[in-house]
Amino acid sequence: MTTPSEYRQREQSITLAPVEQQLAGHGDEQARGATQELLTLNFGPHHPATHGVLRLIVTLQGEVVRDVKPIIGYVHTGIEKTAEDKAYWKVIPVIERMDYLSYYFNAMAYCGAVETLVEVEVPKRAQYLRVIHLELNRIMSHLVWLGTSALDLGAISMFWYCFREREKILDLFEMSSGQRMHTRYFQIGGVIEDIPRGFARKLNGFLAEMPSRVDQYGALLNRNEIVLQRLRGTCPLDADTLLALGVTGPLLRAAGNPWDLRKADPYCSYDDFDFKIPVGTQGDNYDRYACRLAEMYESVKIVQQALDGLPEGPHITEDRKVALPPRHELATSMEALIHHFKLVTEGMRVPPGEVYFPIESPRGELGCFVRSDGSSKPARVHMRDPSFVNLQATAPMVRGAYIADMIATLAMLDPILGGIDR
Amino acid sequence: MKREPIVDADALRVRGLNARQLLRGGDLEGPNPSAHLEGADFERHVEESVMTTTLEKAVAWARSNSFFPATFGLACCAIEMMSIVAARVDVARFGFEAFRASPRQADLLILSGRVSIKMAPIVRRIYDQMLEPKWAISMGACCSSMGVFNNYALVPADKFMPIDVHVPGCPPRPEALMHGVLKLRKMVQDDPDLGWRERYDALGTEEVVAVVGHQDSAASAVDAEDLDHHTQDTAGA
Amino acid sequence: MPDATGLELIAQELRDAAGEGTVLDTLFFRGRGTLEIDPACIRAVLGRLRAHGYGFLASVHGVDYYPQEPRLGVVYELLDMARVDRLTVKLRVSLDAPQVESVTADWPTADHQEREVYDMFGVVFTGHHDLRRILMPEDYEGHPQRRDFPIGGEPVIFTYNEHDDTF
């Protein structure tokens with residue numbers, strides 16, 4: 001690095017290390033005997049900078065955070081209990097609303113678990129369609145994360161740029177399933193409908209311009225002075241502590257551990273695609289930001305490969321005990337009518353057993369545990385949500401940092417309270 | 001009065017003279033077009049014909065076009081609420097882009113997302129901290145009714161706070177939420193007294209903050225009928 | 001995933017090291033192995049499995065096996081990142097003695113997850129530094145995700161019952 005200019009040298013005289021309180025030595029008689037106390041501050045559930053209804057009890061010494069205790073449960077919806085009350089395929093809309101930014105991932109984890117229990121094979125075309133939608137959802141989740149995190153840091157215009165791209169992705173979702181969010185597109189055995197005409201063309205157009213858009217975001221933020229000072233070197237945590245805390249996803253990859261379930265334990269044809277896993281070096285906030293930004297490029301690559309290699313075939317399994325028969329068969333085939341009736345009124349019967357199906361969601365390992373007792377309703381559905389486990393890493397990360405760094409860290413942690421509270 | 005396109009300078013002059021006639025109280029089509037009123041009659045005429053909106057209607061127009069929504073995103077509907085701030089469905093077209101974080105500065109609470117039993121007292125407290133006049137939109141199915149989840153953990157918003165507009169959907173499209181906000185705007189514009197206190201039979205429950213140093217003892221003795229006007233005028237200022 | 005024989009070998013090793021009653025049952029289902037163990041030795045078992053290479057505790061969650069006894073189950077999902085191996089460890093406690101030793105000291109990730117199991121099912125984790133409710137309000141009574149806890153909710157009002165006095 002070249003010698004910094006005089007201006008930069010003057011800047012460097014201000015250190016950003018947390019200051020130890022020293023009241024003595026001020027020369028003031030009163031100050032010499034003064035005591036200090038820690039301030040406990042409530043970052044209430046209603047706060048513009050906590051991402052959702054997260055309550056933090058922060059213990060401060062001046063501006064330095066000494067401890068933080070998260071209190072959650074403010075959007076607890078009883079999703080797992082509701083899921084026990086519904087037939088297997090009716091659980092999908094309920095379970096999608098858990099981690100509300102990555103709804104396809106929730107559905108994928110659950111459908112994967114039930115498909116493992118039922119031992120049904122998902123056709124190749126359905127797997128590729130699933131990958132397309134999953135990776136588009138990953139891009140969309142990262143876009144919302146980037147928009148709201150930059151908003152927290154003060155780069156307000158990023159919000160509009162990111163949401164501009166998000167609208168394009170939601171247009172694609174609306175084209176394939178009719179809904180922007182919570183599309184219930186994934187069903188047990190495949191996807192509910194094949195993609196319509198024009199979807200491939202629109203998707204190609206989106207993929208052609210998306211890398212340049214991510215370049216624009218990088219050009220705005222990567223070497224921005226304020227972003228560097230707020231994110232570079234703040235709140236690092238090493239990979240071993242993160243592993244002990246159960247943290248996975250971009251947080252772990254930013255610390256140097258390249259663990260990604262798409263590569264380590266491929267599911268849903270991810271091993272057919274060629275993509276890289278971005279890994280950071282220092283594990284600080286800047287690496288977390290850079291990892292997610294780089295993941296957007298990789299997801300674009302995956303979608304392009306999936307779209308180019310999309311095989312022909314059925315979009316859902318042919319097993320009529322699991323998937324609804326196509327409507328035109330109902331007029332001609334008696335078995336199809338009976339299957340349709342049984343599936344709609346009672347639901348499918350799933351052999352008894354317990355299964356845990358983990359996938360890689362934008363926030364880390366999202367696992368779905370389904371216990372079946374042989375009836376048509378699940379006996380227990382539990383989602384191992386990545387944000388719930390990653391939240392435990394907040395306290396080790398921000399101890400000793402300034403309160404502004406805590407805001408930046410919360411933003412880089414990417415918590416989604418719907419997943420945390422379920 | 002019909003609008004006619006101006007074809008020459010003479011037509012413009014004639015129109016100006018007609019307007020002056022109207023202001024003075026003359027009736028253009030009547031028997032005496034050049035009559036004009038004096039004094040108190042003139043005042044009343046001006047109030048009725050020129051200022052065709054009363055003061056309250058003007059205030060309602062101003063209030064409805066400048067909602068300050070509170071940033072109150074709870075769950076998935078919050079993402080769609082963020083979408084209305086974004087560029088495609090732009091809430092700034094209508095003047096509502098100033099989302100205030102502090103409830104003291106906000107007057108519209110867009111309750112977006114599911115209200116759990118732990119969150120309900122906090123929502124109520126935030127709503128109480130907002131100053132009158134205030135409105136609430138219940139966005140999405142979960143707070144309007146129980147939504148997708150009809151279970152032990154949720155509370156529909158109607159149970160603990162008054163809601164003016166319910167926007168259905170799960171989540172409602174940003175255009176649907178915009179439609180709900182515009183409906184609320186129309187409600188406020190058309191009938192400024194259609195506040196929740198009238199609908200929920202809560203008239204007389206307002207608190208009037210005493211104005212320090214007010215010498216006039218008569219003004220401090222307000223009764224229930226005048227309370228609405230007082231609170232609306234002082235709090236809306 | 002350890003295959004069926006690998007699972008039996010692990011189970012045998014645990015029995016040899018910590019006593020015959022440690023591993024109550026082994027199950028190999030859909031390509032994954034599950035060990036059902038005696039609730040008293042959970043910390044020791046997890047420690048031995050960590051020595052085996054299963055160094056990542058992915059999930060701690062509860063299950064209610066009502067009406068089978070013992071009713072409350074706690075499931076630990078382990079992951080070996082080096083060999084990409086998953087193993088499930090299960091234990092079951094009854095409602096009259098729902099104490100399980102907390103593993104938070106060895107596995108910090110279990111902190112919030114054990115609190116959730118306590119909140120939802122009522123399993124008391126002894127040795128946990130801060131066992132209180134995490135998702136429900138602090139003064140809530142009852143453990144919602146037990147099978148006999150009613151699902152609750154509001155009655156849906158249709159035209160035929162909208163004038164009933166039951167609401």
# chains A, B, ... in the order shown; residues from 1 in each chain; ligands from 1

$ closest_atom_pairs --of "chain B" --to "chain A" --cutoff "8 Å" --atoms "only C-alpha atoms" --output "tab-separated table"
residue	atom	partner	partner_atom	distance
B:Thr71	CA	A:Pro48	CA	6.9
B:Phe72	CA	A:His46	CA	7.0
B:Gly73	CA	A:Gly52	CA	6.6
B:Leu74	CA	A:Gly52	CA	6.0
B:Ala75	CA	A:Gly418	CA	6.2
B:Cys76	CA	A:Tyr100	CA	5.3
B:Ser83	CA	A:Phe163	CA	7.1
B:Ala86	CA	A:Trp160	CA	5.5
B:Ala87	CA	A:Trp160	CA	6.2
B:Arg88	CA	A:Arg164	CA	7.3
B:Ala101	CA	A:Pro48	CA	6.0
B:Arg114	CA	A:Val75	CA	6.6
B:Val115	CA	A:Val75	CA	6.4
B:Ser116	CA	A:Val75	CA	5.3
B:Ile117	CA	A:Tyr74	CA	7.7
B:Lys118	CA	A:Tyr74	CA	5.3
B:Met119	CA	A:Tyr74	CA	5.0
B:Val148	CA	A:Val94	CA	6.8
B:Phe149	CA	A:Thr82	CA	6.7
B:Asn150	CA	A:Thr82	CA	7.7
B:Asn151	CA	A:Thr82	CA	6.8
B:Tyr152	CA	A:Gly78	CA	7.2
B:Ala153	CA	A:Thr77	CA	5.3
B:Leu154	CA	A:Thr77	CA	6.2
B:Cys170	CA	A:His182	CA	8.0
B:Pro171	CA	A:Met181	CA	7.1
B:Arg173	CA	A:Arg180	CA	7.7

$ write_last_selection --atoms "N, CA and C atoms" --output "PDB file, in the first residue's frame"
ATOM      1  N   THR B  71     -43.644   3.178  10.817  1.00  0.00           N
ATOM      2  CA  THR B  71     -42.955   1.979  10.340  1.00  0.00           C
ATOM      3  C   THR B  71     -43.333   0.851  11.278  1.00  0.00           C
ATOM      4  N   PHE B  72     -44.301   0.055  10.901  1.00  0.00           N
ATOM      5  CA  PHE B  72     -44.736  -1.009  11.786  1.00  0.00           C
ATOM      6  C   PHE B  72     -44.889  -2.276  10.998  1.00  0.00           C
ATOM      7  N   GLY B  73     -43.785  -2.866  10.612  1.00  0.00           N
ATOM      8  CA  GLY B  73     -43.855  -4.112   9.884  1.00  0.00           C
ATOM      9  C   GLY B  73     -43.659  -5.262  10.825  1.00  0.00           C
ATOM     10  N   LEU B  74     -44.551  -6.203  10.795  1.00  0.00           N
ATOM     11  CA  LEU B  74     -44.451  -7.333  11.696  1.00  0.00           C
ATOM     12  C   LEU B  74     -43.923  -8.565  10.982  1.00  0.00           C
ATOM     13  N   ALA B  75     -44.523  -8.930   9.858  1.00  0.00           N
ATOM     14  CA  ALA B  75     -44.152 -10.196   9.213  1.00  0.00           C
ATOM     15  C   ALA B  75     -44.201 -10.008   7.702  1.00  0.00           C
ATOM     16  N   CYS B  76     -44.621 -11.022   6.981  1.00  0.00           N
ATOM     17  CA  CYS B  76     -44.536 -11.008   5.520  1.00  0.00           C
ATOM     18  C   CYS B  76     -45.189  -9.780   4.880  1.00  0.00           C
ATOM     19  N   SER B  83     -42.672  -2.696  -0.421  1.00  0.00           N
ATOM     20  CA  SER B  83     -42.807  -2.575  -1.866  1.00  0.00           C
ATOM     21  C   SER B  83     -43.598  -1.350  -2.264  1.00  0.00           C
ATOM     22  N   ALA B  86     -41.251   1.325  -2.543  1.00  0.00           N
ATOM     23  CA  ALA B  86     -40.329   1.170  -3.668  1.00  0.00           C
ATOM     24  C   ALA B  86     -40.913   1.827  -4.914  1.00  0.00           C
ATOM     25  N   ALA B  87     -40.169   1.722  -5.995  1.00  0.00           N
ATOM     26  CA  ALA B  87     -40.456   2.597  -7.126  1.00  0.00           C
ATOM     27  C   ALA B  87     -41.636   2.177  -7.970  1.00  0.00           C
ATOM     28  N   ARG B  88     -42.018   0.883  -7.945  1.00  0.00           N
ATOM     29  CA  ARG B  88     -43.061   0.482  -8.894  1.00  0.00           C
ATOM     30  C   ARG B  88     -44.427   0.972  -8.442  1.00  0.00           C
ATOM     31  N   ALA B 101     -40.539   6.718  12.263  1.00  0.00           N
ATOM     32  CA  ALA B 101     -40.265   5.627  13.191  1.00  0.00           C
ATOM     33  C   ALA B 101     -40.924   5.865  14.527  1.00  0.00           C
ATOM     34  N   ARG B 114     -48.765 -10.630  11.256  1.00  0.00           N
ATOM     35  CA  ARG B 114     -49.533 -11.337  12.270  1.00  0.00           C
ATOM     36  C   ARG B 114     -49.212 -10.784  13.648  1.00  0.00           C
ATOM     37  N   VAL B 115     -50.254 -10.558  14.440  1.00  0.00           N
ATOM     38  CA  VAL B 115     -50.094 -10.006  15.781  1.00  0.00           C
ATOM     39  C   VAL B 115     -50.156 -11.164  16.766  1.00  0.00           C
ATOM     40  N   SER B 116     -49.027 -11.472  17.378  1.00  0.00           N
ATOM     41  CA  SER B 116     -49.039 -12.575  18.335  1.00  0.00           C
ATOM     42  C   SER B 116     -49.489 -12.056  19.691  1.00  0.00           C
ATOM     43  N   ILE B 117     -49.741 -12.972  20.619  1.00  0.00           N
ATOM     44  CA  ILE B 117     -50.256 -12.531  21.914  1.00  0.00           C
ATOM     45  C   ILE B 117     -49.192 -11.771  22.695  1.00  0.00           C
ATOM     46  N   LYS B 118     -47.924 -12.025  22.377  1.00  0.00           N
ATOM     47  CA  LYS B 118     -46.879 -11.271  23.060  1.00  0.00           C
ATOM     48  C   LYS B 118     -46.791  -9.864  22.508  1.00  0.00           C
ATOM     49  N   MET B 119     -47.142  -9.704  21.257  1.00  0.00           N
ATOM     50  CA  MET B 119     -46.975  -8.410  20.588  1.00  0.00           C
ATOM     51  C   MET B 119     -48.178  -7.520  20.779  1.00  0.00           C
ATOM     52  N   VAL B 148     -54.335 -17.261   7.846  1.00  0.00           N
ATOM     53  CA  VAL B 148     -54.058 -18.668   7.587  1.00  0.00           C
ATOM     54  C   VAL B 148     -53.982 -19.448   8.889  1.00  0.00           C
ATOM     55  N   PHE B 149     -53.583 -18.780   9.947  1.00  0.00           N
ATOM     56  CA  PHE B 149     -53.319 -19.460  11.212  1.00  0.00           C
ATOM     57  C   PHE B 149     -54.418 -19.151  12.190  1.00  0.00           C
ATOM     58  N   ASN B 150     -55.256 -20.105  12.456  1.00  0.00           N
ATOM     59  CA  ASN B 150     -56.329 -19.900  13.419  1.00  0.00           C
ATOM     60  C   ASN B 150     -55.937 -20.695  14.649  1.00  0.00           C
ATOM     61  N   ASN B 151     -55.073 -20.105  15.502  1.00  0.00           N
ATOM     62  CA  ASN B 151     -54.579 -20.912  16.607  1.00  0.00           C
ATOM     63  C   ASN B 151     -54.355 -20.059  17.839  1.00  0.00           C
ATOM     64  N   TYR B 152     -53.716 -20.664  18.823  1.00  0.00           N
ATOM     65  CA  TYR B 152     -53.596 -20.072  20.154  1.00  0.00           C
ATOM     66  C   TYR B 152     -52.716 -18.837  20.167  1.00  0.00           C
ATOM     67  N   ALA B 153     -51.880 -18.660  19.160  1.00  0.00           N
ATOM     68  CA  ALA B 153     -50.803 -17.677  19.268  1.00  0.00           C
ATOM     69  C   ALA B 153     -51.153 -16.316  18.713  1.00  0.00           C
ATOM     70  N   LEU B 154     -52.251 -16.190  17.981  1.00  0.00           N
ATOM     71  CA  LEU B 154     -52.514 -14.930  17.305  1.00  0.00           C
ATOM     72  C   LEU B 154     -53.752 -14.245  17.859  1.00  0.00           C
ATOM     73  N   CYS B 170     -52.949 -12.242   1.340  1.00  0.00           N
ATOM     74  CA  CYS B 170     -51.958 -12.938   2.131  1.00  0.00           C
ATOM     75  C   CYS B 170     -50.702 -13.176   1.306  1.00  0.00           C
ATOM     76  N   PRO B 171     -49.789 -12.255   1.171  1.00  0.00           N
ATOM     77  CA  PRO B 171     -49.948 -10.861   1.549  1.00  0.00           C
ATOM     78  C   PRO B 171     -50.672 -10.080   0.463  1.00  0.00           C
ATOM     79  N   ARG B 173     -51.247  -7.595  -2.447  1.00  0.00           N
ATOM     80  CA  ARG B 173     -50.339  -7.010  -3.413  1.00  0.00           C
ATOM     81  C   ARG B 173     -50.098  -5.560  -3.031  1.00  0.00           C
TER      82      ARG B 173
END

$ closest_atom_pairs --of "chain C" --to "chain B" --cutoff "8 Å" --atoms "only C-alpha atoms" --output "CSV"
residue,atom,partner,partner_atom,distance
C:Met136,CA,B:Lys118,CA,6.8
C:Pro137,CA,B:Lys118,CA,5.5
C:Pro150,CA,B:Tyr152,CA,7.9
C:Ile151,CA,B:Asn151,CA,5.3
C:Gly152,CA,B:Tyr152,CA,4.3
C:Gly153,CA,B:Asn151,CA,3.9
C:Glu154,CA,B:Asn150,CA,6.3

$ write_last_selection --atoms "C-alpha atoms" --output "PDB file, in the first residue's frame"
ATOM      1  CA  MET C 136     -44.507 -17.516  24.478  1.00  0.00           C
ATOM      2  CA  PRO C 137     -44.973 -14.675  26.977  1.00  0.00           C
ATOM      3  CA  PRO C 150     -55.921 -27.372  22.185  1.00  0.00           C
ATOM      4  CA  ILE C 151     -55.079 -25.556  19.022  1.00  0.00           C
ATOM      5  CA  GLY C 152     -57.152 -22.553  20.045  1.00  0.00           C
ATOM      6  CA  GLY C 153     -58.155 -19.860  17.653  1.00  0.00           C
ATOM      7  CA  GLU C 154     -61.206 -17.829  16.897  1.00  0.00           C
TER       8      GLU C 154
END

$ closest_atom_pairs --of "chain C" --to "chain A" --cutoff "9 Å" --atoms "only C-alpha atoms" --output "Markdown table"
| residue | atom | partner | partner_atom | distance |
| --- | --- | --- | --- | --- |
| C:Phe29 | CA | A:Gly353 | CA | 7.6 |
| C:Arg30 | CA | A:Thr116 | CA | 6.9 |
| C:Arg32 | CA | A:Val355 | CA | 8.1 |
| C:Gly55 | CA | A:Ala244 | CA | 8.3 |
| C:Phe56 | CA | A:Leu243 | CA | 6.6 |
| C:Leu57 | CA | A:Gly246 | CA | 6.5 |
| C:Ala58 | CA | A:Gly246 | CA | 6.2 |
| C:Ser59 | CA | A:Arg384 | CA | 6.3 |
| C:Val60 | CA | A:Arg384 | CA | 8.4 |
| C:His61 | CA | A:His382 | CA | 7.4 |
| C:Gly62 | CA | A:His382 | CA | 8.5 |
| C:Val63 | CA | A:Arg380 | CA | 6.7 |
| C:Asp64 | CA | A:Arg380 | CA | 7.8 |
| C:Tyr65 | CA | A:Ala379 | CA | 8.5 |
| C:Glu77 | CA | A:Tyr356 | CA | 8.2 |
| C:Met81 | CA | A:Trp259 | CA | 8.0 |
| C:Val84 | CA | A:Ala264 | CA | 6.8 |
| C:Thr88 | CA | A:Tyr356 | CA | 8.8 |
| C:Asp106 | CA | A:Ala244 | CA | 8.5 |
| C:Trp107 | CA | A:Ala244 | CA | 6.0 |
| C:Pro108 | CA | A:Leu245 | CA | 5.2 |
| C:Thr109 | CA | A:Leu245 | CA | 4.1 |
| C:Ala110 | CA | A:Leu245 | CA | 7.9 |
| C:Asp111 | CA | A:Gln392 | CA | 7.9 |
| C:His112 | CA | A:Gln392 | CA | 7.3 |
| C:Gln113 | CA | A:Val389 | CA | 7.6 |
| C:Ile134 | CA | A:Gly73 | CA | 6.3 |
| C:Leu135 | CA | A:Gly73 | CA | 3.9 |
| C:Met136 | CA | A:Gly73 | CA | 6.0 |
| C:Pro137 | CA | A:Gly73 | CA | 7.5 |
| C:Pro144 | CA | A:Lys81 | CA | 7.8 |
| C:Gln145 | CA | A:Lys81 | CA | 5.9 |
| C:Arg146 | CA | A:Lys81 | CA | 8.7 |
| C:Arg147 | CA | A:Ala379 | CA | 8.6 |
| C:Ile151 | CA | A:Lys81 | CA | 7.1 |

$ select_by_dssp --residues "region 59-117 of chain A" --states "helix (DSSP H, G or I)" --output "compact mmCIF listing (two decimals) with C-alpha atoms, in the first residue's frame"
# COMPACT_ATOMS: atom_id res chain seq x y z
CA ILE A 79 -46.96 -22.60 12.67
CA GLU A 80 -45.71 -25.96 13.82
CA LYS A 81 -48.83 -26.59 15.85
CA THR A 82 -51.07 -25.50 12.98
CA ALA A 83 -49.21 -27.85 10.67
CA TYR A 88 -49.85 -33.04 4.38
CA TRP A 89 -50.31 -30.98 1.28
CA LYS A 90 -52.28 -28.32 3.12
CA VAL A 91 -49.33 -27.78 5.40
CA ILE A 92 -47.34 -26.28 2.53
CA PRO A 93 -49.02 -22.83 2.53
CA VAL A 94 -48.71 -22.72 6.32
CA ILE A 95 -45.08 -23.70 6.44
CA GLU A 96 -44.18 -21.27 3.66
CA TYR A 103 -40.71 -19.12 1.08
CA TYR A 104 -39.63 -21.54 -1.60
CA PHE A 105 -36.95 -22.84 0.74
CA ASN A 106 -39.45 -23.53 3.50
CA ALA A 107 -41.60 -25.43 1.06
CA MET A 108 -38.58 -27.28 -0.34
CA ALA A 109 -37.42 -28.45 3.07
CA TYR A 110 -40.86 -29.69 3.98
CA CYS A 111 -41.59 -31.29 0.62
CA GLY A 112 -38.18 -32.93 0.67
CA ALA A 113 -38.87 -34.40 4.10
CA VAL A 114 -42.27 -35.74 3.11
CA GLU A 115 -40.96 -37.08 -0.18
CA THR A 116 -38.30 -38.95 1.75
CA LEU A 117 -40.96 -40.42 3.99

$ atom_distance --atom1 "CA of Val58 (chain A)" --atom2 "CA of Arg232 (chain A)"
22.7 Å

$ residues_around --residues "Leu413 (chain A)" --least-positions-apart "2" --cutoff "10 Å" --atoms "only C-alpha atoms" --output "list in words"
His51, Trp145, Ser149, Pro250, Leu251, Asn285, Arg288, Tyr289, Arg363, Ser387, Asn390, Leu391, Ala393, Thr394, Ile407, Ala408, Thr409, Leu410, Ala411, Pro415 and Ile416 of chain A

$ closest_residue --among "A:Pro123, A:Gly400, A:Pro314, A:Pro362" --to "Leu143 (chain A)" --atoms "only C-alpha atoms"
A:Pro362

$ residues_around --residues "Leu14 (chain C)" --least-positions-apart "6" --cutoff "9 Å" --atoms "only C-alpha atoms" --output "number ranges by chain"
C: 20, 22-23, 45, 48-49

$ write_last_selection --atoms "C-alpha atoms" --output "compact mmCIF listing (two decimals), in the first residue's frame"
# COMPACT_ATOMS: atom_id res chain seq x y z
CA GLU C 20 -25.27 -51.58 28.45
CA THR C 22 -26.88 -46.37 27.23
CA VAL C 23 -28.24 -47.15 23.83
CA VAL C 45 -23.02 -39.79 24.46
CA ARG C 48 -18.25 -39.53 22.56
CA LEU C 49 -19.90 -38.84 19.24

$ select_by_dssp --residues "region 80-295 of chain A" --states "strand (DSSP E or B)" --output "list in words"
Phe186, Gln187, Gly190 and Val191 of chain A

$ write_last_selection --atoms "N, CA and C atoms" --output "PDB file, in the first residue's frame"
ATOM      1  N   PHE A 186     -44.336 -25.254  -4.818  1.00  0.00           N
ATOM      2  CA  PHE A 186     -43.768 -26.583  -4.608  1.00  0.00           C
ATOM      3  C   PHE A 186     -44.818 -27.465  -3.968  1.00  0.00           C
ATOM      4  N   GLN A 187     -45.014 -28.634  -4.518  1.00  0.00           N
ATOM      5  CA  GLN A 187     -45.935 -29.588  -3.941  1.00  0.00           C
ATOM      6  C   GLN A 187     -45.162 -30.868  -3.672  1.00  0.00           C
ATOM      7  N   GLY A 190     -43.205 -32.687  -6.658  1.00  0.00           N
ATOM      8  CA  GLY A 190     -42.808 -31.868  -7.799  1.00  0.00           C
ATOM      9  C   GLY A 190     -43.289 -30.445  -7.618  1.00  0.00           C
ATOM     10  N   VAL A 191     -43.679 -29.852  -8.713  1.00  0.00           N
ATOM     11  CA  VAL A 191     -44.228 -28.497  -8.654  1.00  0.00           C
ATOM     12  C   VAL A 191     -45.658 -28.533  -9.165  1.00  0.00           C
TER      13      VAL A 191
END
